[in-house]
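Down below is the structure, laid out as structure tokens.
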Amino acid sequence: MAVCARLCGVGPSRGCRRRQQRRGPAETAAADSEPDTDPEEERIEAGGALSGAPGGRGAGPPPPPRCSLLELPPELLVEIFASLPGTDLPSLAQVCTKFRRILHTDTIWRRRCREEYGVCENLRKLDITGVSCRDVYAKLLHRYRHILGLWQPDIGPYGGLLNVVVDGLFIIGWMYLPPHDPHVDDPMRFKPLFRVHLMERKSATVECMYGHRGPHNGHIQIVKKDEFSTKCNQTDHHRMSGGRQEEFRTWLREEWGRTLEDIFHEHMQELILMKFIYTSQYDNCLTYRRIYLPPSHPDDLIRPGLFKGTYGSHGLEIVMLSFHGKCARGTKITGDPNIPAGQQTVEIDLMHRIQLPDVESLRNFNELSRIVLEVREQVRQEQQQQENGPEDGEGRGQQSPREPQRGPVQPSAELPAEKGGESRDGEAEAAAPPAPEQPAQSGQGQPFVLPVGVSSRNEDYPRTCRMCFYGTGLIAGHGFTSPERTPGVFILFDEDRFGFIWLELKSFSLYSRVQATFQNAEAPSPQAFEEMLKNIQSLTS
């Protein structure tokens with residue numbers, strides 16, 4: 001208060017609220033018209049005058065006249081206050097009566113709604129309902145600001161992706177769904193799960209949007225930092241007149257874009273029915289945990305982010321690709337009973353690049369398997385050497401005499417390094433002229449075809465790729481039993497698509513970038529992003 005008083009020119013002589021409470025209306029009005037003088041500064045100025053010549057002569061030029069904010073016209077104060085963060089305005093209202101009166105101007109809060117939360121609606125329409133822009137800011141936007149952004153619902157192994165946004169005069173939670181299997185390049189689908197809006201001046205209203213009978217009463221509780229829960233208070237709105245059978249057929253049509261009769265694979269039918277039974281029991285009463293988009297660096301192989309991927313009978317799932325120095329990881333945002341949401345589905349070793357053979361040789365699965373297994377053996381030996389490194393006299397980072405005898409992928413000094421010098425290439429590649437490598441580095445791509453016997457949900461995959469790396473994929477039994485990482489090949493097609501060949505499963509997954517733009521999803525720091533990955537993984541480990 002003392003700081004505000006000095007800045008604004010208010011103090012015991014004029015704007016002090018405690019003294020105003022003891023004054024009558026006439027005294028208060030007289031005080032507001034008094035010149036803006038600080039007694040402490042009067043004493044300092046008087047002392048300066050006395051320290052000079054008699055009568056203050058020769059004491060130097062007088063100080064320039066002070067200008068108080070209170071002396072500015074109201075319309076200028078409105079412009080000044082409107083440029084301040086909305087969270088600072090309540091403190092400003094406590095300075096004096098004049099400031100508090102000006103801060104009731106709707107122009108100030110209309111600007112804060114637009115600049116802080118992107119509300120582009122014509123807020124003047126609120127006058128009809130008797131709700132002010134200040135009410136919208138304080139009781140809707142500011143109160144529920146902590147739930148804006150990306151979230152993962154706790155739905156057992158299935159997870160999900162929720163995006164909470166300000167949409168006009170509403171705050172809406174949109175559940176993002178992958179396109180229908182196997183159309184991985186199609187755009188994401190989304191449906192509303194809840195919304196919050198201001199119907200009257202008292203408080204905001206929360207409505208559940210689940211089901212097919214329109215909005216109904218709901219509740220939102222902010223459990224703790226980066227976690228909140230929703231509850232539907234009228235779950236009867238989720239029921240359909242045809243009973244569970246009608247609900248299942250409707251869900252199947254929305255989730256998979258087909259009927260049960262269209263699905264001939266018995267195992268797939270079981271998986272679909274299991275997911276419906278498991279997810280429908282929540283009735284939109286869910287707990288959500290915040291997730292961040294991965295940070296981007298100039299030397300990343302491609303721009304990190306969210307991708308849609310094919311996972312056999314489980315359909316399409318959402319995966320987050322992130323880069324961590326010498327490796328990249330794909331973390332499941334949505335999952336299945338085998339590999340649940342939060343687990344690292346693939347891990348790419350950016351230090352071990354694989355040079356694919358010509359197209360005819362690539363059609364032979366055994367040839368690809370031989371190349372990948374040799375790289376795996378090389379990785380194993382390198383890890384063993386690093387563990388034993390301090391005990392032998394070579395020192396870390398030194399090559400051992402056995403290195404030339406390892407697998408086909410070796411560091412190549414002749415070829416330009418990829419993305420900050422972290423790539424390694426094979427002996428065969430180093431022995432051959434660098435010409436075959438140039439198309440991949442220039443972005444033109446090299447021919448690619450899946451080996452015979454490798455299954456793919458989507459046969460419309462790219463026929464050229466930029467480069468390939470050794471990687472491992474996580475596989476497990478039902479219920480995430482006996483998980484293990486198995487060797488595979490990461491294939492980079494372009495900036496927005498990549499693939500992974502699961503060697504042991506003889507299966508191919510195609511991933512396509514989620515093109516949607518998300519607000520309030522940036523991690524406050526790289527450490528916060530890493531912590532988030534650990535948290536969502538621990539929930540299903």
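Identifiers in the structure tokens: chain A, B, ... in order shown; residue index from 1 per chain; ligand index from 1 in order shown.
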
Which residues of range 99-217 of chain A sit at most 10 Å from range 342-364 of chain A, using only C-alpha atoms? Give each one's shortest atom pair and distance in Å (one decimal place), in chain and ascending residue order, as CSV.
```
residue,atom,partner,partner_atom,distance
A:Gln152,CA,A:Gly342,CA,9.3
A:Pro157,CA,A:Gly342,CA,8.5
A:Tyr158,CA,A:Gly342,CA,9.4
A:Gly159,CA,A:Gly342,CA,7.9
```

Could you turn the residues from that selection into a file that holds N, CA and C atoms, as a JSON list (two decimals), in the first residue's frame?
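What landed in out-v1.json:
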```json
[["chain", "number", "residue", "atom", "x", "y", "z"],
["A", 152, "GLN", "N", -4.75, -35.78, -20.15],
["A", 152, "GLN", "CA", -4.95, -37.20, -20.41],
["A", 152, "GLN", "C", -5.90, -37.77, -19.36],
["A", 157, "PRO", "N", -6.13, -48.53, -19.29],
["A", 157, "PRO", "CA", -5.09, -48.61, -20.31],
["A", 157, "PRO", "C", -5.38, -47.76, -21.55],
["A", 158, "TYR", "N", -6.59, -47.24, -21.68],
["A", 158, "TYR", "CA", -6.99, -46.59, -22.93],
["A", 158, "TYR", "C", -6.57, -45.12, -23.01],
["A", 159, "GLY", "N", -6.52, -44.42, -21.89],
["A", 159, "GLY", "CA", -6.09, -43.03, -21.90],
["A", 159, "GLY", "C", -6.99, -42.17, -22.77]]
```

Q: Would you mind writing down, as a VMD selection string, each residue of range 102-265 of chain A that DSSP on the backbone assigns to strand (DSSP E or B)?
A: chain A and resid 149 to 153 159 161 to 167 170 to 177 189 to 197 205 to 208 216 to 224 227 to 232

Could you give me, as a Markdown table, every range 107-220 of chain A residue with an atom at most 10 Å from range 227-248 of chain A, plus its closest atom pair and distance in Å to one decimal, counting only C-alpha atoms, rows ordered by chain then number?
```
| residue | atom | partner | partner_atom | distance |
| --- | --- | --- | --- | --- |
| A:His146 | CA | A:Phe228 | CA | 9.0 |
| A:Ile147 | CA | A:Phe228 | CA | 7.3 |
| A:Trp151 | CA | A:Glu227 | CA | 8.5 |
| A:Gln152 | CA | A:Glu227 | CA | 9.6 |
| A:Pro153 | CA | A:Ser229 | CA | 9.0 |
| A:Asp154 | CA | A:Ser229 | CA | 9.8 |
| A:Leu193 | CA | A:Thr230 | CA | 9.4 |
| A:Phe194 | CA | A:Thr230 | CA | 8.3 |
| A:Val206 | CA | A:Thr230 | CA | 9.4 |
| A:Glu207 | CA | A:Cys232 | CA | 8.0 |
| A:Cys208 | CA | A:Cys232 | CA | 5.9 |
| A:Met209 | CA | A:Cys232 | CA | 9.1 |
| A:Tyr210 | CA | A:His238 | CA | 6.5 |
| A:Gly211 | CA | A:His238 | CA | 4.4 |
| A:His212 | CA | A:His238 | CA | 6.8 |
| A:Arg213 | CA | A:His237 | CA | 5.8 |
| A:Gly214 | CA | A:His237 | CA | 7.8 |
| A:Pro215 | CA | A:His237 | CA | 8.7 |
| A:His216 | CA | A:Gln234 | CA | 6.6 |
| A:Asn217 | CA | A:Asn233 | CA | 5.6 |
| A:Gly218 | CA | A:Cys232 | CA | 4.5 |
| A:His219 | CA | A:Lys231 | CA | 5.1 |
| A:Ile220 | CA | A:Thr230 | CA | 4.6 |
```

Q: Quick one: everything within 10 Å of Leu141 in chain A, counting only C-alpha atoms, minus sequence neighbours fewer than 3 positions away in the same chain. Send it as a ChimeraX atom specification.
A: /A:113,116-117,119,134-138,144-146,148,166,169-171,196-198,204

**Q.** Residue nearest Pro487 in chain A - candidates A:Ile277, A:Met175, A:Leu368, A:Cys133, atoms counted: only C-alpha atoms
**A.**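 Nearest candidate to Pro487 in chain A out of A:Ile277, A:Met175, A:Leu368, A:Cys133: A:Leu368.
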
Q) Hey, what's within 8 Å of range 98-112 of chain A if we count only C-alpha atoms and toss same-chain stuff fewer than 4 positions away? As a list of chain:residue names, please? A) A:Leu70, A:Pro74, A:Leu77, A:Val78, A:Glu79, A:Phe81, A:Ala82, A:Ser83, A:Pro85, A:Gly86, A:Leu89, A:Leu92, A:Ala93, A:Gln94, A:Glu116, A:Tyr117, A:Leu123, A:Ser132, A:Cys133, A:Arg134, A:Tyr137

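Minimum atom-to-atom distance to Arg289 in chain A, evaluated using only C-alpha atoms, belongs to A:Leu161 out of A:Met274, A:Leu161, A:Leu373, A:Leu76.
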
Q: For Val454 in chain A, work out the shell of residues within 7 Å, counting only C-alpha atoms and skipping chain neighbours fewer than 2 positions away, then give it as a list in words.
A: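 Near Val454 in chain A, the qualifying residues are Leu450, Pro451, Val452, Ser456, Lys506, Ser507 and Phe508 of chain A.
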
Preceding selection exported with N, CA, C and O atoms as a PDB file, in the first residue's frame:
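Final output, part-v6.pdb:
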```pdb
ATOM      1  N   LEU A 450       7.795 -52.496 -48.239  1.00  0.00           N
ATOM      2  CA  LEU A 450       7.750 -53.416 -47.109  1.00  0.00           C
ATOM      3  C   LEU A 450       8.194 -54.805 -47.544  1.00  0.00           C
ATOM      4  O   LEU A 450       7.838 -55.265 -48.633  1.00  0.00           O
ATOM      5  N   PRO A 451       8.959 -55.499 -46.711  1.00  0.00           N
ATOM      6  CA  PRO A 451       9.340 -56.876 -47.042  1.00  0.00           C
ATOM      7  C   PRO A 451       8.105 -57.781 -47.131  1.00  0.00           C
ATOM      8  O   PRO A 451       7.086 -57.537 -46.476  1.00  0.00           O
ATOM      9  N   VAL A 452       8.215 -58.782 -47.944  1.00  0.00           N
ATOM     10  CA  VAL A 452       7.131 -59.747 -48.081  1.00  0.00           C
ATOM     11  C   VAL A 452       6.916 -60.453 -46.742  1.00  0.00           C
ATOM     12  O   VAL A 452       7.868 -60.879 -46.092  1.00  0.00           O
ATOM     13  N   SER A 456       0.500 -54.880 -42.734  1.00  0.00           N
ATOM     14  CA  SER A 456       0.268 -53.452 -42.543  1.00  0.00           C
ATOM     15  C   SER A 456      -1.224 -53.181 -42.634  1.00  0.00           C
ATOM     16  O   SER A 456      -1.900 -53.676 -43.533  1.00  0.00           O
ATOM     17  N   LYS A 506       6.546 -59.062 -37.218  1.00  0.00           N
ATOM     18  CA  LYS A 506       6.399 -58.948 -38.670  1.00  0.00           C
ATOM     19  C   LYS A 506       5.232 -58.019 -39.009  1.00  0.00           C
ATOM     20  O   LYS A 506       4.345 -58.334 -39.798  1.00  0.00           O
ATOM     21  N   SER A 507       5.282 -56.859 -38.370  1.00  0.00           N
ATOM     22  CA  SER A 507       4.191 -55.896 -38.503  1.00  0.00           C
ATOM     23  C   SER A 507       4.760 -54.505 -38.759  1.00  0.00           C
ATOM     24  O   SER A 507       5.891 -54.195 -38.346  1.00  0.00           O
ATOM     25  N   PHE A 508       3.968 -53.669 -39.431  1.00  0.00           N
ATOM     26  CA  PHE A 508       4.393 -52.317 -39.777  1.00  0.00           C
ATOM     27  C   PHE A 508       3.361 -51.324 -39.258  1.00  0.00           C
ATOM     28  O   PHE A 508       2.154 -51.496 -39.472  1.00  0.00           O
TER      29      PHE A 508
END
```

Q | range 209-345 of chain A: residues DSSP assigns to helix (DSSP H, G or I), reported as JSON, numbers by chain | A | {"A": [235, 236, 237, 238, 243, 244, 245, 246, 247, 248, 249, 250, 251, 252, 253, 254, 255, 256, 260, 261, 262, 266, 267, 268, 269, 270, 271, 272, 273, 274, 275, 276, 277, 278, 279, 280, 312, 313, 314]}

Any chance you can output those residues with N, CA and C atoms as an mmCIF file, in the first residue's frame?
```cif
data_model
loop_
_atom_site.group_PDB
_atom_site.id
_atom_site.type_symbol
_atom_site.label_atom_id
_atom_site.label_comp_id
_atom_site.auth_asym_id
_atom_site.auth_seq_id
_atom_site.Cartn_x
_atom_site.Cartn_y
_atom_site.Cartn_z
ATOM 1 N N THR A 235 -26.594 -38.830 -14.844
ATOM 2 C CA THR A 235 -26.115 -39.880 -15.752
ATOM 3 C C THR A 235 -27.245 -40.547 -16.521
ATOM 4 N N ASP A 236 -28.506 -40.341 -16.114
ATOM 5 C CA ASP A 236 -29.613 -40.909 -16.883
ATOM 6 C C ASP A 236 -29.689 -40.312 -18.281
ATOM 7 N N HIS A 237 -29.073 -39.120 -18.468
ATOM 8 C CA HIS A 237 -29.035 -38.502 -19.801
ATOM 9 C C HIS A 237 -28.119 -39.278 -20.741
ATOM 10 N N HIS A 238 -27.302 -40.173 -20.207
ATOM 11 C CA HIS A 238 -26.391 -40.951 -21.046
ATOM 12 C C HIS A 238 -27.052 -42.219 -21.592
ATOM 13 N N GLY A 243 -31.598 -49.353 -24.774
ATOM 14 C CA GLY A 243 -30.774 -50.102 -23.836
ATOM 15 C C GLY A 243 -29.307 -50.171 -24.242
ATOM 16 N N ARG A 244 -28.571 -51.062 -23.616
ATOM 17 C CA ARG A 244 -27.137 -51.168 -23.835
ATOM 18 C C ARG A 244 -26.801 -51.579 -25.264
ATOM 19 N N GLN A 245 -27.670 -52.347 -25.880
ATOM 20 C CA GLN A 245 -27.382 -52.780 -27.242
ATOM 21 C C GLN A 245 -27.375 -51.591 -28.195
ATOM 22 N N GLU A 246 -28.337 -50.695 -28.043
ATOM 23 C CA GLU A 246 -28.360 -49.497 -28.883
ATOM 24 C C GLU A 246 -27.174 -48.590 -28.559
ATOM 25 N N GLU A 247 -26.833 -48.491 -27.288
ATOM 26 C CA GLU A 247 -25.691 -47.666 -26.900
ATOM 27 C C GLU A 247 -24.403 -48.221 -27.512
ATOM 28 N N PHE A 248 -24.257 -49.552 -27.516
ATOM 29 C CA PHE A 248 -23.052 -50.151 -28.081
ATOM 30 C C PHE A 248 -22.966 -49.914 -29.582
ATOM 31 N N ARG A 249 -24.071 -50.097 -30.287
ATOM 32 C CA ARG A 249 -24.046 -49.897 -31.744
ATOM 33 C C ARG A 249 -23.774 -48.437 -32.097
ATOM 34 N N THR A 250 -24.322 -47.528 -31.314
ATOM 35 C CA THR A 250 -24.049 -46.105 -31.560
ATOM 36 C C THR A 250 -22.585 -45.787 -31.288
ATOM 37 N N TRP A 251 -22.063 -46.308 -30.184
ATOM 38 C CA TRP A 251 -20.647 -46.083 -29.853
ATOM 39 C C TRP A 251 -19.741 -46.687 -30.917
ATOM 40 N N LEU A 252 -20.073 -47.879 -31.411
ATOM 41 C CA LEU A 252 -19.249 -48.546 -32.418
ATOM 42 C C LEU A 252 -19.227 -47.749 -33.716
ATOM 43 N N ARG A 253 -20.373 -47.192 -34.069
ATOM 44 C CA ARG A 253 -20.440 -46.394 -35.292
ATOM 45 C C ARG A 253 -19.612 -45.117 -35.160
ATOM 46 N N GLU A 254 -19.627 -44.503 -33.976
ATOM 47 C CA GLU A 254 -18.858 -43.277 -33.764
ATOM 48 C C GLU A 254 -17.374 -43.580 -33.604
ATOM 49 N N GLU A 255 -17.053 -44.648 -32.881
ATOM 50 C CA GLU A 255 -15.657 -44.955 -32.564
ATOM 51 C C GLU A 255 -14.923 -45.582 -33.740
ATOM 52 N N TRP A 256 -15.575 -46.477 -34.469
ATOM 53 C CA TRP A 256 -14.917 -47.239 -35.519
ATOM 54 C C TRP A 256 -15.463 -46.956 -36.913
ATOM 55 N N LEU A 260 -20.806 -53.998 -36.134
ATOM 56 C CA LEU A 260 -20.141 -55.215 -35.682
ATOM 57 C C LEU A 260 -20.127 -56.275 -36.775
ATOM 58 N N GLU A 261 -21.140 -56.249 -37.639
ATOM 59 C CA GLU A 261 -21.196 -57.215 -38.731
ATOM 60 C C GLU A 261 -20.085 -56.987 -39.748
ATOM 61 N N ASP A 262 -19.573 -55.764 -39.804
ATOM 62 C CA ASP A 262 -18.500 -55.451 -40.760
ATOM 63 C C ASP A 262 -17.140 -55.968 -40.289
ATOM 64 N N GLU A 266 -12.505 -62.193 -35.226
ATOM 65 C CA GLU A 266 -13.101 -62.466 -33.916
ATOM 66 C C GLU A 266 -12.329 -61.797 -32.793
ATOM 67 N N HIS A 267 -10.989 -61.811 -32.864
ATOM 68 C CA HIS A 267 -10.182 -61.174 -31.818
ATOM 69 C C HIS A 267 -10.444 -59.680 -31.766
ATOM 70 N N MET A 268 -10.621 -59.070 -32.931
ATOM 71 C CA MET A 268 -10.904 -57.639 -32.982
ATOM 72 C C MET A 268 -12.270 -57.339 -32.379
ATOM 73 N N GLN A 269 -13.249 -58.189 -32.606
ATOM 74 C CA GLN A 269 -14.559 -58.007 -32.003
ATOM 75 C C GLN A 269 -14.469 -58.037 -30.478
ATOM 76 N N GLU A 270 -13.679 -58.956 -29.958
ATOM 77 C CA GLU A 270 -13.506 -59.051 -28.512
ATOM 78 C C GLU A 270 -12.862 -57.786 -27.945
ATOM 79 N N LEU A 271 -11.839 -57.271 -28.639
ATOM 80 C CA LEU A 271 -11.166 -56.062 -28.178
ATOM 81 C C LEU A 271 -12.111 -54.869 -28.174
ATOM 82 N N ILE A 272 -12.934 -54.757 -29.211
ATOM 83 C CA ILE A 272 -13.874 -53.638 -29.307
ATOM 84 C C ILE A 272 -14.915 -53.711 -28.197
ATOM 85 N N LEU A 273 -15.490 -54.886 -27.995
ATOM 86 C CA LEU A 273 -16.503 -55.045 -26.951
ATOM 87 C C LEU A 273 -15.907 -54.779 -25.572
ATOM 88 N N MET A 274 -14.686 -55.219 -25.353
ATOM 89 C CA MET A 274 -14.011 -54.991 -24.075
ATOM 90 C C MET A 274 -13.815 -53.499 -23.820
ATOM 91 N N LYS A 275 -13.427 -52.756 -24.846
ATOM 92 C CA LYS A 275 -13.208 -51.318 -24.683
ATOM 93 C C LYS A 275 -14.523 -50.600 -24.382
ATOM 94 N N PHE A 276 -15.599 -50.991 -25.039
ATOM 95 C CA PHE A 276 -16.893 -50.348 -24.779
ATOM 96 C C PHE A 276 -17.325 -50.577 -23.336
ATOM 97 N N ILE A 277 -17.229 -51.812 -22.858
ATOM 98 C CA ILE A 277 -17.646 -52.119 -21.492
ATOM 99 C C ILE A 277 -16.803 -51.356 -20.480
ATOM 100 N N TYR A 278 -15.502 -51.288 -20.749
ATOM 101 C CA TYR A 278 -14.597 -50.645 -19.795
ATOM 102 C C TYR A 278 -14.813 -49.127 -19.754
ATOM 103 N N THR A 279 -14.884 -48.491 -20.912
ATOM 104 C CA THR A 279 -14.943 -47.023 -20.952
ATOM 105 C C THR A 279 -16.315 -46.477 -20.583
ATOM 106 N N SER A 280 -17.383 -47.205 -20.922
ATOM 107 C CA SER A 280 -18.724 -46.681 -20.668
ATOM 108 C C SER A 280 -19.077 -46.672 -19.192
ATOM 109 N N GLY A 312 -2.585 -52.456 -35.491
ATOM 110 C CA GLY A 312 -3.235 -53.727 -35.764
ATOM 111 C C GLY A 312 -4.691 -53.744 -35.363
ATOM 112 N N SER A 313 -5.086 -54.774 -34.637
ATOM 113 C CA SER A 313 -6.477 -54.939 -34.233
ATOM 114 C C SER A 313 -6.932 -53.886 -33.229
ATOM 115 N N HIS A 314 -6.003 -53.192 -32.624
ATOM 116 C CA HIS A 314 -6.370 -52.148 -31.666
ATOM 117 C C HIS A 314 -6.803 -50.860 -32.363
#
```

**Q.** Nearest to Asp496 in chain A, chosen from A:Ile302, A:Val95, A:Met467, A:Ala523, with only C-alpha atoms counted in the distances
**A.**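 The closest residue to Asp496 in chain A is A:Ile302.
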
Q.
Neighbouring residues of Pro447 in chain A were defined as those with any atom within 7 Å, considering only C-alpha atoms; residues of the same chain fewer than 4 positions away were excluded. Please report them as a PyMOL selection string.
A. chain A and resi 359+463-465

Could you turn the residues from that selection into a file that holds all heavy atoms, as a CSV table (one decimal), in the first residue's frame?
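Listing of selection24.csv after writing:
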```csv
chain,number,residue,atom,x,y,z
A,359,VAL,N,15.7,-52.2,-53.5
A,359,VAL,CA,14.3,-52.5,-53.3
A,359,VAL,C,14.1,-54.0,-53.4
A,359,VAL,O,13.4,-54.6,-52.6
A,359,VAL,CB,13.4,-51.8,-54.3
A,359,VAL,CG1,12.0,-52.3,-54.3
A,359,VAL,CG2,13.5,-50.3,-54.1
A,463,ARG,N,6.2,-44.6,-50.7
A,463,ARG,CA,7.2,-45.5,-51.4
A,463,ARG,C,8.6,-44.9,-51.4
A,463,ARG,O,9.5,-45.5,-52.1
A,463,ARG,CB,6.7,-45.8,-52.8
A,463,ARG,CG,5.4,-46.7,-52.8
A,463,ARG,CD,5.5,-47.9,-51.9
A,463,ARG,NE,4.4,-48.9,-52.2
A,463,ARG,CZ,3.3,-49.0,-51.5
A,463,ARG,NH1,3.1,-48.1,-50.5
A,463,ARG,NH2,2.4,-49.9,-51.7
A,464,THR,N,8.8,-43.8,-50.8
A,464,THR,CA,10.2,-43.3,-50.6
A,464,THR,C,10.4,-42.9,-49.2
A,464,THR,O,9.4,-42.5,-48.5
A,464,THR,CB,10.4,-42.1,-51.5
A,464,THR,OG1,9.5,-41.1,-51.2
A,464,THR,CG2,10.3,-42.5,-53.0
A,465,CYS,N,11.6,-42.9,-48.7
A,465,CYS,CA,11.9,-42.5,-47.3
A,465,CYS,C,13.2,-41.7,-47.3
A,465,CYS,O,14.0,-41.8,-48.2
A,465,CYS,CB,12.1,-43.8,-46.4
A,465,CYS,SG,13.5,-44.8,-46.8
```

Can you pull out the residues contacting Ser509 in chain A? Cut-off 7 Å, using only C-alpha atoms, and skip same-chain residues under 3 positions away; I want them as a PDB file with N, CA, C and O atoms, in the first residue's frame.
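After the write, result.pdb holds the following:
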```pdb
ATOM      1  N   GLY A 309      -1.108 -43.331 -35.130  1.00  0.00           N
ATOM      2  CA  GLY A 309      -0.409 -44.525 -35.588  1.00  0.00           C
ATOM      3  C   GLY A 309      -1.313 -45.735 -35.648  1.00  0.00           C
ATOM      4  O   GLY A 309      -2.288 -45.848 -34.893  1.00  0.00           O
ATOM      5  N   THR A 310      -0.996 -46.660 -36.562  1.00  0.00           N
ATOM      6  CA  THR A 310      -1.771 -47.892 -36.709  1.00  0.00           C
ATOM      7  C   THR A 310      -1.222 -48.958 -35.767  1.00  0.00           C
ATOM      8  O   THR A 310      -0.011 -49.186 -35.713  1.00  0.00           O
ATOM      9  N   TYR A 311      -2.127 -49.631 -35.057  1.00  0.00           N
ATOM     10  CA  TYR A 311      -1.732 -50.669 -34.111  1.00  0.00           C
ATOM     11  C   TYR A 311      -2.588 -51.924 -34.282  1.00  0.00           C
ATOM     12  O   TYR A 311      -3.239 -52.389 -33.357  1.00  0.00           O
ATOM     13  N   SER A 456       0.500 -54.880 -42.734  1.00  0.00           N
ATOM     14  CA  SER A 456       0.268 -53.452 -42.543  1.00  0.00           C
ATOM     15  C   SER A 456      -1.224 -53.181 -42.634  1.00  0.00           C
ATOM     16  O   SER A 456      -1.900 -53.676 -43.533  1.00  0.00           O
ATOM     17  N   GLY A 499       7.415 -44.405 -39.978  1.00  0.00           N
ATOM     18  CA  GLY A 499       6.926 -45.765 -39.784  1.00  0.00           C
ATOM     19  C   GLY A 499       7.853 -46.547 -38.883  1.00  0.00           C
ATOM     20  O   GLY A 499       8.977 -46.121 -38.574  1.00  0.00           O
ATOM     21  N   PHE A 500       7.374 -47.717 -38.452  1.00  0.00           N
ATOM     22  CA  PHE A 500       8.196 -48.594 -37.624  1.00  0.00           C
ATOM     23  C   PHE A 500       7.868 -50.037 -37.984  1.00  0.00           C
ATOM     24  O   PHE A 500       6.696 -50.436 -38.003  1.00  0.00           O
ATOM     25  N   ILE A 501       8.917 -50.807 -38.293  1.00  0.00           N
ATOM     26  CA  ILE A 501       8.761 -52.231 -38.581  1.00  0.00           C
ATOM     27  C   ILE A 501       9.102 -53.012 -37.322  1.00  0.00           C
ATOM     28  O   ILE A 501      10.226 -52.933 -36.813  1.00  0.00           O
TER      29      ILE A 501
END
```
